[in-house]
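Dumped work_31.cif below, it's mmCIF, C-alpha atoms and all ligand atoms:
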data_final
loop_
_atom_site.label_atom_id
_atom_site.label_comp_id
_atom_site.auth_asym_id
_atom_site.auth_seq_id
_atom_site.Cartn_x
_atom_site.Cartn_y
_atom_site.Cartn_z
CA MET A 843 3.16 -38.00 -20.72
CA LYS A 844 -0.07 -36.51 -22.01
CA LYS A 845 -1.52 -36.32 -18.48
CA ILE A 846 1.56 -34.43 -17.25
CA ILE A 847 1.43 -32.03 -20.18
CA LEU A 848 -2.28 -31.30 -19.80
CA SER A 849 -2.07 -30.83 -16.04
CA ALA A 850 0.95 -28.55 -16.47
CA PHE A 851 -1.21 -26.39 -18.70
CA ALA A 852 -3.92 -26.29 -16.02
CA ILE A 853 -1.47 -25.53 -13.20
CA CYS A 854 0.19 -22.72 -15.13
CA ALA A 855 -3.08 -20.84 -15.09
CA LEU A 856 -2.73 -20.44 -11.32
CA THR A 857 -0.91 -17.45 -9.87
CA THR A 858 0.09 -18.98 -6.52
CA TYR A 859 -0.40 -22.43 -5.06
CA THR A 860 0.56 -24.24 -1.90
CA ILE A 861 3.11 -27.05 -1.92
CA ALA A 862 2.98 -27.65 1.82
CA GLN A 863 0.60 -26.54 4.58
CA ASP A 864 1.99 -23.03 4.94
CA VAL A 865 4.14 -22.54 1.88
CA THR A 866 2.81 -20.73 -1.16
CA VAL A 867 4.99 -19.76 -4.08
CA GLU A 868 4.16 -17.56 -7.02
CA ALA A 869 3.69 -19.68 -10.11
CA ASN A 870 6.02 -19.47 -13.04
CA PRO A 871 6.26 -22.02 -15.87
CA MET A 872 9.57 -23.54 -14.70
CA LEU A 873 8.44 -23.92 -11.08
CA SER A 874 4.91 -25.15 -11.81
CA ASN A 875 6.16 -27.75 -14.28
CA ALA A 876 8.97 -28.84 -11.91
CA LEU A 877 6.47 -29.45 -9.09
CA LEU A 878 4.48 -31.78 -11.36
CA PHE A 879 7.40 -34.21 -11.20
CA LEU A 880 7.46 -34.54 -7.38
CA ASN A 881 7.95 -38.22 -6.39
CA THR A 882 8.80 -39.24 -9.97
CA PRO A 883 11.27 -42.13 -9.58
CA TYR A 884 14.99 -41.51 -10.19
CA ALA A 885 16.63 -43.54 -12.95
CA ALA A 886 20.02 -42.99 -14.57
CA ASN A 887 20.91 -43.72 -18.21
CA THR A 888 17.33 -43.51 -19.51
CA LEU A 889 18.65 -41.92 -22.73
CA ASP A 890 20.95 -44.86 -23.52
CA VAL A 891 18.32 -47.57 -23.94
CA THR A 892 18.39 -47.69 -27.76
CA ASN A 893 21.24 -48.73 -30.05
CA ASN A 894 20.95 -45.64 -32.26
CA GLU A 895 20.52 -42.12 -30.86
CA GLU A 896 16.89 -41.05 -30.95
CA LEU A 897 14.71 -38.61 -29.02
CA ILE A 898 13.75 -40.39 -25.81
CA VAL A 899 10.74 -38.98 -23.97
CA ASN A 900 10.50 -40.78 -20.65
CA ALA A 901 9.14 -38.49 -17.95
CA ASP A 902 8.14 -41.50 -15.83
CA GLU A 903 11.69 -41.86 -14.48
CA VAL A 904 14.29 -39.12 -14.56
CA ASP A 905 17.81 -38.19 -13.53
CA CYS A 906 18.93 -34.67 -12.63
CA THR A 907 19.53 -33.68 -16.25
CA THR A 908 16.50 -35.24 -17.94
CA PHE A 909 14.31 -33.76 -15.17
CA VAL A 910 15.58 -30.23 -15.97
CA GLU A 911 15.25 -30.87 -19.73
CA TYR A 912 11.60 -32.05 -19.51
CA VAL A 913 10.71 -29.11 -17.24
CA LEU A 914 12.38 -26.60 -19.59
CA ALA A 915 10.72 -28.14 -22.68
CA MET A 916 7.28 -27.93 -20.99
CA ALA A 917 7.89 -24.38 -19.75
CA LEU A 918 8.89 -23.28 -23.26
CA CYS A 919 5.60 -24.74 -24.53
CA ASP A 920 3.75 -22.63 -21.94
CA GLU A 921 5.61 -19.53 -23.06
CA GLN A 922 5.04 -20.34 -26.74
CA GLY A 923 1.35 -20.51 -25.92
CA ASP A 924 1.22 -24.02 -27.39
CA ASP A 925 -1.78 -25.96 -26.27
CA MET A 926 0.87 -28.40 -24.98
CA MET A 927 0.76 -30.64 -28.02
CA GLU A 928 3.29 -33.42 -27.69
CA SER A 929 4.85 -32.49 -31.04
CA ASP A 930 5.79 -29.02 -29.74
CA PHE A 931 7.13 -30.60 -26.57
CA ALA A 932 9.29 -33.00 -28.61
CA THR A 933 10.51 -30.14 -30.81
CA ASN A 934 11.54 -28.15 -27.73
CA LEU A 935 13.18 -31.20 -26.15
CA GLU A 936 15.31 -32.00 -29.23
CA LYS A 937 16.33 -28.33 -29.41
CA ILE A 938 17.43 -28.39 -25.74
CA ARG A 939 19.17 -31.79 -25.65
CA TYR A 940 21.21 -31.73 -28.92
CA ARG A 941 23.95 -29.52 -30.36
CA ASN A 942 22.38 -26.90 -32.62
CA GLY A 943 19.05 -28.55 -31.77
CA LYS A 944 19.58 -31.51 -34.11
CA ILE A 945 20.09 -35.21 -33.38
CA ASP A 946 23.14 -36.57 -35.22
CA GLY A 947 24.31 -39.63 -33.32
CA TYR A 948 25.38 -40.17 -29.70
CA THR A 949 27.99 -37.42 -29.63
CA SER A 950 25.50 -34.77 -30.79
CA ARG A 951 23.83 -35.04 -27.37
CA LEU A 952 25.01 -32.21 -25.08
CA HIS A 953 26.65 -34.54 -22.53
CA TYR A 954 28.63 -31.88 -20.66
CA ILE A 955 26.51 -29.24 -18.99
CA THR A 956 29.04 -26.53 -19.89
CA GLU A 957 28.18 -27.12 -23.56
CA TRP A 958 24.49 -27.76 -22.76
CA VAL A 959 24.45 -24.21 -21.28
CA SER A 960 26.43 -22.46 -24.05
CA ASP A 961 24.47 -24.19 -26.85
CA ASN A 962 21.12 -23.35 -25.23
CA ILE A 963 22.18 -19.72 -24.72
CA LYS A 964 22.98 -19.65 -28.47
CA LYS A 965 19.57 -21.20 -29.26
CA GLY A 966 17.84 -18.62 -27.05
CA THR A 967 16.21 -21.08 -24.64
CA ILE A 968 18.13 -19.89 -21.54
CA GLU A 969 20.36 -17.10 -20.25
CA ASP A 970 23.29 -17.28 -17.81
CA VAL A 971 22.26 -14.95 -14.99
CA THR A 972 25.43 -15.77 -13.02
CA ALA A 973 27.58 -13.95 -15.57
CA SER A 974 26.06 -10.54 -14.80
CA LYS A 975 25.91 -11.04 -11.02
CA SER A 976 29.13 -12.79 -9.99
CA LYS A 977 32.72 -11.79 -10.75
CA ASP A 978 34.03 -15.23 -9.77
CA VAL A 979 35.01 -17.47 -12.69
CA ILE A 980 36.08 -21.11 -12.85
CA PRO A 981 38.18 -22.75 -15.61
CA VAL A 982 36.60 -25.68 -17.48
CA PHE A 983 38.55 -28.87 -18.17
CA VAL A 984 36.61 -31.95 -19.19
CA ASN A 985 37.83 -35.43 -20.15
CA TYR A 986 35.71 -37.56 -17.81
CA MET A 987 33.76 -39.44 -20.51
CA SER A 988 36.76 -40.27 -22.73
CA THR A 989 38.74 -41.42 -19.68
CA HIS A 990 35.86 -43.50 -18.23
CA PRO A 991 34.35 -45.04 -21.41
CA ASP A 992 33.29 -48.12 -19.47
CA ARG A 993 30.69 -46.02 -17.66
CA TYR A 994 28.91 -45.08 -20.90
CA LYS A 995 27.13 -47.75 -22.97
CA HIS A 996 27.85 -46.00 -26.27
CA LEU A 997 31.50 -45.38 -25.44
CA ALA A 998 32.39 -48.76 -23.90
CA ASN A 999 32.07 -50.55 -27.23
CA SER A 1000 32.93 -47.73 -29.63
CA PRO A 1001 36.50 -46.40 -29.94
CA GLU A 1002 35.10 -44.16 -32.70
CA ASN A 1003 32.68 -42.48 -30.26
CA VAL A 1004 35.46 -42.16 -27.65
CA ALA A 1005 37.64 -40.37 -30.22
CA LYS A 1006 34.73 -38.04 -31.14
CA MET A 1007 34.04 -37.30 -27.45
CA SER A 1008 37.73 -36.57 -26.88
CA GLN A 1009 37.61 -33.97 -29.67
CA ILE A 1010 34.48 -32.40 -28.17
CA GLU A 1011 36.12 -32.33 -24.74
CA LYS A 1012 39.10 -30.43 -26.16
CA GLN A 1013 36.71 -27.85 -27.69
CA ILE A 1014 34.84 -27.37 -24.40
CA SER A 1015 37.98 -27.20 -22.24
CA GLY A 1016 39.96 -23.99 -21.74
CA GLN A 1017 37.04 -21.58 -21.28
CA LYS A 1018 36.23 -19.85 -18.00
CA VAL A 1019 32.62 -19.65 -16.77
CA SER A 1020 31.01 -17.46 -14.11
CA TYR A 1021 29.96 -19.19 -10.89
CA ILE A 1022 29.14 -18.50 -7.26
CA PRO A 1023 31.66 -20.15 -4.90
CA LYS A 1024 29.62 -22.19 -2.43
CA GLU A 1025 31.08 -20.29 0.53
CA LYS A 1026 29.52 -17.13 -0.90
CA LEU A 1027 25.95 -18.52 -1.10
CA PRO A 1028 23.85 -17.44 1.90
CA GLN A 1029 21.05 -19.57 3.36
CA ASP A 1030 18.48 -17.11 1.96
CA GLY A 1031 20.10 -17.06 -1.50
CA PHE A 1032 20.27 -13.77 -3.43
CA PRO A 1033 17.42 -11.50 -4.60
CA TRP A 1034 18.51 -12.17 -8.19
CA ILE A 1035 18.15 -15.96 -7.89
CA LYS A 1036 14.47 -16.58 -8.64
CA ASN A 1037 12.01 -19.46 -8.14
CA GLY A 1038 12.31 -21.73 -11.19
CA ASP A 1039 15.92 -20.86 -12.03
CA ILE A 1040 18.12 -23.78 -13.12
CA ILE A 1041 20.95 -24.45 -10.65
CA ALA A 1042 24.04 -26.42 -11.77
CA PHE A 1043 26.64 -27.62 -9.24
CA THR A 1044 30.24 -26.94 -10.30
CA THR A 1045 32.64 -29.68 -9.23
CA ASN A 1046 36.36 -30.34 -8.66
CA THR A 1047 35.99 -33.98 -9.68
CA SER A 1048 38.84 -34.55 -12.15
CA GLY A 1049 37.73 -34.05 -15.75
CA LEU A 1050 34.17 -33.05 -14.90
CA ASP A 1051 32.51 -29.60 -15.04
CA ILE A 1052 29.10 -30.06 -13.40
CA SER A 1053 28.05 -32.84 -10.99
CA HIS A 1054 24.29 -32.18 -10.53
CA MET A 1055 21.39 -29.93 -11.54
CA GLY A 1056 18.04 -28.83 -10.15
CA ILE A 1057 15.44 -26.05 -9.98
CA ALA A 1058 15.50 -23.20 -7.41
CA ILE A 1059 12.63 -22.80 -4.94
CA TYR A 1060 12.43 -20.50 -1.89
CA LEU A 1061 10.87 -22.03 1.21
CA LYS A 1062 10.21 -19.63 4.12
CA GLY A 1063 12.78 -17.25 2.67
CA ASN A 1064 15.54 -19.86 2.30
CA LEU A 1065 16.85 -21.13 -1.05
CA HIS A 1066 16.17 -24.85 -1.66
CA LEU A 1067 16.31 -27.17 -4.65
CA ILE A 1068 13.77 -29.30 -6.48
CA HIS A 1069 15.86 -32.10 -7.98
CA ALA A 1070 15.93 -35.72 -9.04
CA SER A 1071 17.77 -37.07 -6.01
CA SER A 1072 19.85 -40.22 -6.54
CA ARG A 1073 19.91 -40.61 -2.75
CA ASP A 1074 16.13 -40.34 -2.28
CA LYS A 1075 15.59 -42.18 -5.59
CA LYS A 1076 12.95 -39.67 -6.69
CA VAL A 1077 12.23 -36.02 -7.44
CA ILE A 1078 11.98 -34.04 -4.18
CA VAL A 1079 11.81 -30.55 -2.82
CA ASP A 1080 14.99 -30.92 -0.79
CA GLN A 1081 14.25 -29.95 2.82
CA VAL A 1082 17.94 -29.13 3.32
CA ALA A 1083 18.68 -25.54 2.27
CA LEU A 1084 20.86 -25.33 -0.85
CA TYR A 1085 23.84 -23.71 0.93
CA LYS A 1086 23.93 -26.69 3.33
CA GLN A 1087 23.44 -29.22 0.52
CA LEU A 1088 26.53 -27.79 -1.20
CA ASP A 1089 28.51 -27.73 2.03
CA ARG A 1090 27.97 -31.47 2.56
CA ASP A 1091 29.89 -32.52 -0.55
CA LYS A 1092 33.56 -31.53 -0.66
CA HIS A 1093 33.64 -32.06 -4.46
CA ILE A 1094 31.08 -29.31 -5.06
CA THR A 1095 32.79 -25.93 -5.59
CA GLY A 1096 29.76 -23.73 -6.24
CA ILE A 1097 26.79 -23.09 -8.54
CA ARG A 1098 25.87 -21.64 -11.91
CA VAL A 1099 22.42 -20.04 -12.24
CA LEU A 1100 20.57 -20.26 -15.61
CA ARG A 1101 17.12 -18.94 -16.47
CA MET A 1102 14.59 -19.84 -19.15
CA LYS A 1103 14.45 -17.08 -21.77
CA LYS A 1104 10.93 -15.84 -22.32
C1 LIG A 1201 24.71 -36.60 -17.84
O1 LIG A 1201 25.31 -36.71 -16.56
C2 LIG A 1201 25.61 -37.37 -18.83
C3 LIG A 1201 24.96 -37.46 -20.20
O2 LIG A 1201 25.71 -38.38 -20.98
C4 LIG A 1201 23.50 -37.94 -20.12
O3 LIG A 1201 27.97 -37.92 -17.43
C5 LIG A 1201 27.95 -36.96 -18.20
C6 LIG A 1201 29.19 -36.10 -18.38
N1 LIG A 1201 26.88 -36.62 -18.94
O4 LIG A 1201 22.89 -37.78 -21.39
C7 LIG A 1201 22.73 -37.13 -19.07
C8 LIG A 1201 21.30 -37.62 -18.90
O5 LIG A 1201 21.31 -38.94 -18.40
O6 LIG A 1201 23.39 -37.20 -17.79
C9 LIG A 1201 24.72 -35.86 -15.59
C10 LIG A 1201 25.17 -36.47 -14.25
O7 LIG A 1201 24.23 -36.16 -13.25
C11 LIG A 1201 23.46 -37.31 -12.84
C12 LIG A 1201 22.59 -37.75 -13.99
C13 LIG A 1201 22.61 -36.92 -11.63
O8 LIG A 1201 23.19 -36.21 -10.77
O9 LIG A 1201 21.44 -37.30 -11.57
C14 LIG A 1201 25.25 -34.43 -15.84
O10 LIG A 1201 26.69 -34.51 -15.69
C15 LIG A 1201 24.85 -33.45 -14.74
O11 LIG A 1201 25.89 -33.63 -13.74
C16 LIG A 1201 26.87 -34.56 -14.27
C17 LIG A 1201 26.54 -36.00 -13.81
N2 LIG A 1201 27.52 -36.88 -14.41
C18 LIG A 1201 28.50 -37.39 -13.63
O12 LIG A 1201 28.58 -37.09 -12.45
C19 LIG A 1201 29.49 -38.34 -14.30
#
Show this structure as structure tokens.
Amino acid sequence: MKKIILSAFAICALTTYTIAQDVTVEANPMLSNALLFLNTPYAANTLDVTNNEELIVNADEVDCTTFVEYVLAMALCDEQGDDMMESDFATNLEKIRYRNGKIDGYTSRLHYITEWVSDNIKKGTIEDVTASKSKDVIPVFVNYMSTHPDRYKHLANSPENVAKMSQIEKQISGQKVSYIPKEKLPQDGFPWIKNGDIIAFTTNTSGLDISHMGIAIYLKGNLHLIHASSRDKKVIVDQVALYKQLDRDKHITGIRVLRMKK
């Protein structure tokens, strides 16, 4: 972890750098930290390895959400001018991952990205750029976790946690959020979607709000995604343009675009 943090600090000092023979991108804290994770192995459920909820820092294997969380926590350190001390990183990570920034058991983790977004907007770590750029909205209804408890270690054996999650789901459901329908996303993206923006895939899977997350990167003028790919089993710069990636999965309805708040 220390080596990643220190090298992130070094990389951030650059203004542009090449990620392939002929591709240079202007550096920004989200993008430069995201690129540090290239080829990091994919692993699901890395936050469920302990019996009691605690702050897990495991940047050696990530899923789509923990990848975005580690990148955002590191980028906030850069912006805060921290000399990337691990304590500041851990403070940022707890703030990002938990409701009101405080660990208080399994259900205090921001499991649904709709709440992860709204809580982080409240805490000032991100802003929802979609809201000011797209007039399309999508209703939120979530009950996936309480109706599939067997898929979650800390729900499968805890009716109490299932009841708590069901309450949280009711609080999250009913709102409408701004999004870009996938059919409206061009191959070259939009001028207002920037390198390093957080991209969340909205889904029509019953009871779920978001099905995947990643970080925006433009390659030769086309919008692509850096993400922890469960198919490639590692973090990649996806060579398939984002509009095509979305088109390939009939359950994806569109995207939300979030940006780290400086
Ligand atoms: C989240 O899933 C989990 C959190 O419990 C977990 O499954 C849900 C509703 N939340 O703390 C977090 C970190 O492990 O993952 C994510 C999952 O995406 C996977 C990890 C991926 O694509 O790599 C978030 O919710 C982001 O999109 C969905 C997706 N969950 C499901 O598709 C059930």
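In this structure, CA of Asn962 (chain A) sits 18.8 Å away from CA of Val899 (chain A).
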List every residue of region 928-975 of chain A that has an atom at most 12 Å from any atom of region 986-995 of chain A, and for each one report the closest atom pair and its distance in Å to one decimal, counting only C-alpha atoms, with rows sorted by chain and then by increasing residue number, as JSON lines.
{"residue": "A:Tyr948", "atom": "CA", "partner": "A:Lys995", "partner_atom": "CA", "distance": 10.3}
{"residue": "A:Thr949", "atom": "CA", "partner": "A:Met987", "partner_atom": "CA", "distance": 11.0}
{"residue": "A:His953", "atom": "CA", "partner": "A:Met987", "partner_atom": "CA", "distance": 8.9}
{"residue": "A:Tyr954", "atom": "CA", "partner": "A:Met987", "partner_atom": "CA", "distance": 9.1}
Which residues are near ligand LIG 1201 (chain A) in this structure, taking near to mean any atom at most 6 Å from a ligand atom and counting only C-alpha atoms and all ligand atoms? Format them as JSON, numbers by chain. {"A": [886, 887, 889, 905, 906, 907, 908, 953, 954, 1052, 1053, 1054, 1055]}
Where does region 897-973 of chain A meet region 1080-1097 of chain A within 12 Å, residue by residue, with the nearest atom pair and distance in Å to one decimal for each, counting only C-alpha atoms, listed by chain and rising number, as JSON lines?
{"residue": "A:Asp970", "atom": "CA", "partner": "A:Ile1097", "partner_atom": "CA", "distance": 11.5}
{"residue": "A:Val971", "atom": "CA", "partner": "A:Ile1097", "partner_atom": "CA", "distance": 11.3}
{"residue": "A:Thr972", "atom": "CA", "partner": "A:Ile1097", "partner_atom": "CA", "distance": 8.7}
{"residue": "A:Ala973", "atom": "CA", "partner": "A:Ile1097", "partner_atom": "CA", "distance": 11.6}
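Note that CA of Gly1031 (chain A) and CA of Lys1103 (chain A) are 21.0 Å apart.
The interatomic distance for the pair CA of Met916 (chain A) and CA of Ile968 (chain A) works out to 13.5 Å.
Every protein or nucleic acid residue with an atom no more than 9 Å from Glu936 (chain A), counting all atoms listed in the file and leaving out same-chain residues fewer than 6 positions away, appears here: Leu897, Ala915, Gly943, Lys944 and Ile945 of chain A.
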Considering all atoms listed in the file, can you say which of A:Val1079, A:Gly966, A:Lys1018, A:Ala876 comes closest to Leu1061 (chain A)? A:Val1079
Please return region 905-916 of chain A, rebuilt to all heavy atoms, as an mmCIF file, keeping the file's coordinate frame.
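Full text of result.cif as output:
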data_model
loop_
_atom_site.group_PDB
_atom_site.id
_atom_site.type_symbol
_atom_site.label_atom_id
_atom_site.label_comp_id
_atom_site.auth_asym_id
_atom_site.auth_seq_id
_atom_site.Cartn_x
_atom_site.Cartn_y
_atom_site.Cartn_z
ATOM 1 N N ASP A 905 16.626 -38.538 -14.309
ATOM 2 C CA ASP A 905 17.810 -38.190 -13.530
ATOM 3 C C ASP A 905 17.871 -36.664 -13.460
ATOM 4 O O ASP A 905 16.974 -35.974 -13.967
ATOM 5 C CB ASP A 905 19.093 -38.829 -14.081
ATOM 6 C CG ASP A 905 19.471 -38.322 -15.468
ATOM 7 O OD1 ASP A 905 19.099 -37.183 -15.830
ATOM 8 O OD2 ASP A 905 20.141 -39.067 -16.199
ATOM 9 N N CYS A 906 18.913 -36.122 -12.867
ATOM 10 C CA CYS A 906 18.930 -34.670 -12.630
ATOM 11 C C CYS A 906 18.839 -33.894 -13.927
ATOM 12 O O CYS A 906 18.154 -32.865 -14.012
ATOM 13 C CB CYS A 906 20.181 -34.267 -11.846
ATOM 14 S SG CYS A 906 21.707 -34.268 -12.797
ATOM 15 N N THR A 907 19.493 -34.425 -14.978
ATOM 16 C CA THR A 907 19.530 -33.680 -16.250
ATOM 17 C C THR A 907 18.245 -33.830 -17.048
ATOM 18 O O THR A 907 17.689 -32.833 -17.538
ATOM 19 C CB THR A 907 20.738 -34.149 -17.081
ATOM 20 O OG1 THR A 907 21.926 -33.923 -16.315
ATOM 21 C CG2 THR A 907 20.843 -33.392 -18.400
ATOM 22 N N THR A 908 17.741 -35.061 -17.155
ATOM 23 C CA THR A 908 16.500 -35.240 -17.940
ATOM 24 C C THR A 908 15.341 -34.541 -17.237
ATOM 25 O O THR A 908 14.460 -33.987 -17.898
ATOM 26 C CB THR A 908 16.183 -36.732 -18.173
ATOM 27 O OG1 THR A 908 16.033 -37.399 -16.911
ATOM 28 C CG2 THR A 908 17.286 -37.402 -18.987
ATOM 29 N N PHE A 909 15.358 -34.497 -15.912
ATOM 30 C CA PHE A 909 14.310 -33.760 -15.170
ATOM 31 C C PHE A 909 14.322 -32.290 -15.613
ATOM 32 O O PHE A 909 13.285 -31.728 -16.013
ATOM 33 C CB PHE A 909 14.573 -33.868 -13.659
ATOM 34 C CG PHE A 909 13.826 -32.873 -12.810
ATOM 35 C CD1 PHE A 909 12.436 -32.850 -12.790
ATOM 36 C CD2 PHE A 909 14.511 -31.957 -12.026
ATOM 37 C CE1 PHE A 909 11.733 -31.924 -12.002
ATOM 38 C CE2 PHE A 909 13.830 -31.026 -11.240
ATOM 39 C CZ PHE A 909 12.443 -31.003 -11.225
ATOM 40 N N VAL A 910 15.489 -31.656 -15.587
ATOM 41 C CA VAL A 910 15.580 -30.230 -15.970
ATOM 42 C C VAL A 910 15.176 -30.051 -17.434
ATOM 43 O O VAL A 910 14.444 -29.102 -17.785
ATOM 44 C CB VAL A 910 16.995 -29.690 -15.716
ATOM 45 C CG1 VAL A 910 17.189 -28.307 -16.338
ATOM 46 C CG2 VAL A 910 17.293 -29.613 -14.206
ATOM 47 N N GLU A 911 15.578 -31.002 -18.296
ATOM 48 C CA GLU A 911 15.250 -30.870 -19.730
ATOM 49 C C GLU A 911 13.737 -30.966 -19.965
ATOM 50 O O GLU A 911 13.173 -30.168 -20.731
ATOM 51 C CB GLU A 911 15.959 -31.956 -20.523
ATOM 52 C CG GLU A 911 17.472 -31.752 -20.589
ATOM 53 C CD GLU A 911 18.185 -32.830 -21.401
ATOM 54 O OE1 GLU A 911 17.687 -33.975 -21.477
ATOM 55 O OE2 GLU A 911 19.247 -32.504 -21.986
ATOM 56 N N TYR A 912 13.057 -31.924 -19.307
ATOM 57 C CA TYR A 912 11.600 -32.050 -19.510
ATOM 58 C C TYR A 912 10.886 -30.820 -18.980
ATOM 59 O O TYR A 912 9.976 -30.288 -19.608
ATOM 60 C CB TYR A 912 11.067 -33.326 -18.835
ATOM 61 C CG TYR A 912 11.583 -34.613 -19.446
ATOM 62 C CD1 TYR A 912 12.008 -35.679 -18.650
ATOM 63 C CD2 TYR A 912 11.652 -34.770 -20.834
ATOM 64 C CE1 TYR A 912 12.488 -36.853 -19.217
ATOM 65 C CE2 TYR A 912 12.130 -35.943 -21.409
ATOM 66 C CZ TYR A 912 12.557 -36.981 -20.593
ATOM 67 O OH TYR A 912 13.040 -38.132 -21.151
ATOM 68 N N VAL A 913 11.345 -30.305 -17.817
ATOM 69 C CA VAL A 913 10.710 -29.110 -17.240
ATOM 70 C C VAL A 913 10.891 -27.917 -18.178
ATOM 71 O O VAL A 913 9.932 -27.184 -18.473
ATOM 72 C CB VAL A 913 11.294 -28.820 -15.833
ATOM 73 C CG1 VAL A 913 10.853 -27.431 -15.324
ATOM 74 C CG2 VAL A 913 10.875 -29.907 -14.844
ATOM 75 N N LEU A 914 12.105 -27.735 -18.685
ATOM 76 C CA LEU A 914 12.380 -26.600 -19.590
ATOM 77 C C LEU A 914 11.573 -26.721 -20.876
ATOM 78 O O LEU A 914 10.983 -25.742 -21.354
ATOM 79 C CB LEU A 914 13.877 -26.524 -19.887
ATOM 80 C CG LEU A 914 14.354 -25.374 -20.797
ATOM 81 C CD1 LEU A 914 13.964 -24.008 -20.238
ATOM 82 C CD2 LEU A 914 15.879 -25.451 -21.010
ATOM 83 N N ALA A 915 11.483 -27.939 -21.427
ATOM 84 C CA ALA A 915 10.720 -28.140 -22.680
ATOM 85 C C ALA A 915 9.237 -27.820 -22.457
ATOM 86 O O ALA A 915 8.593 -27.159 -23.300
ATOM 87 C CB ALA A 915 10.877 -29.583 -23.177
ATOM 88 N N MET A 916 8.693 -28.230 -21.299
ATOM 89 C CA MET A 916 7.280 -27.930 -20.990
ATOM 90 C C MET A 916 7.073 -26.444 -20.766
ATOM 91 O O MET A 916 6.104 -25.850 -21.230
ATOM 92 C CB MET A 916 6.847 -28.736 -19.753
ATOM 93 C CG MET A 916 6.761 -30.236 -19.997
ATOM 94 S SD MET A 916 6.741 -31.198 -18.478
ATOM 95 C CE MET A 916 5.042 -30.984 -17.961
#
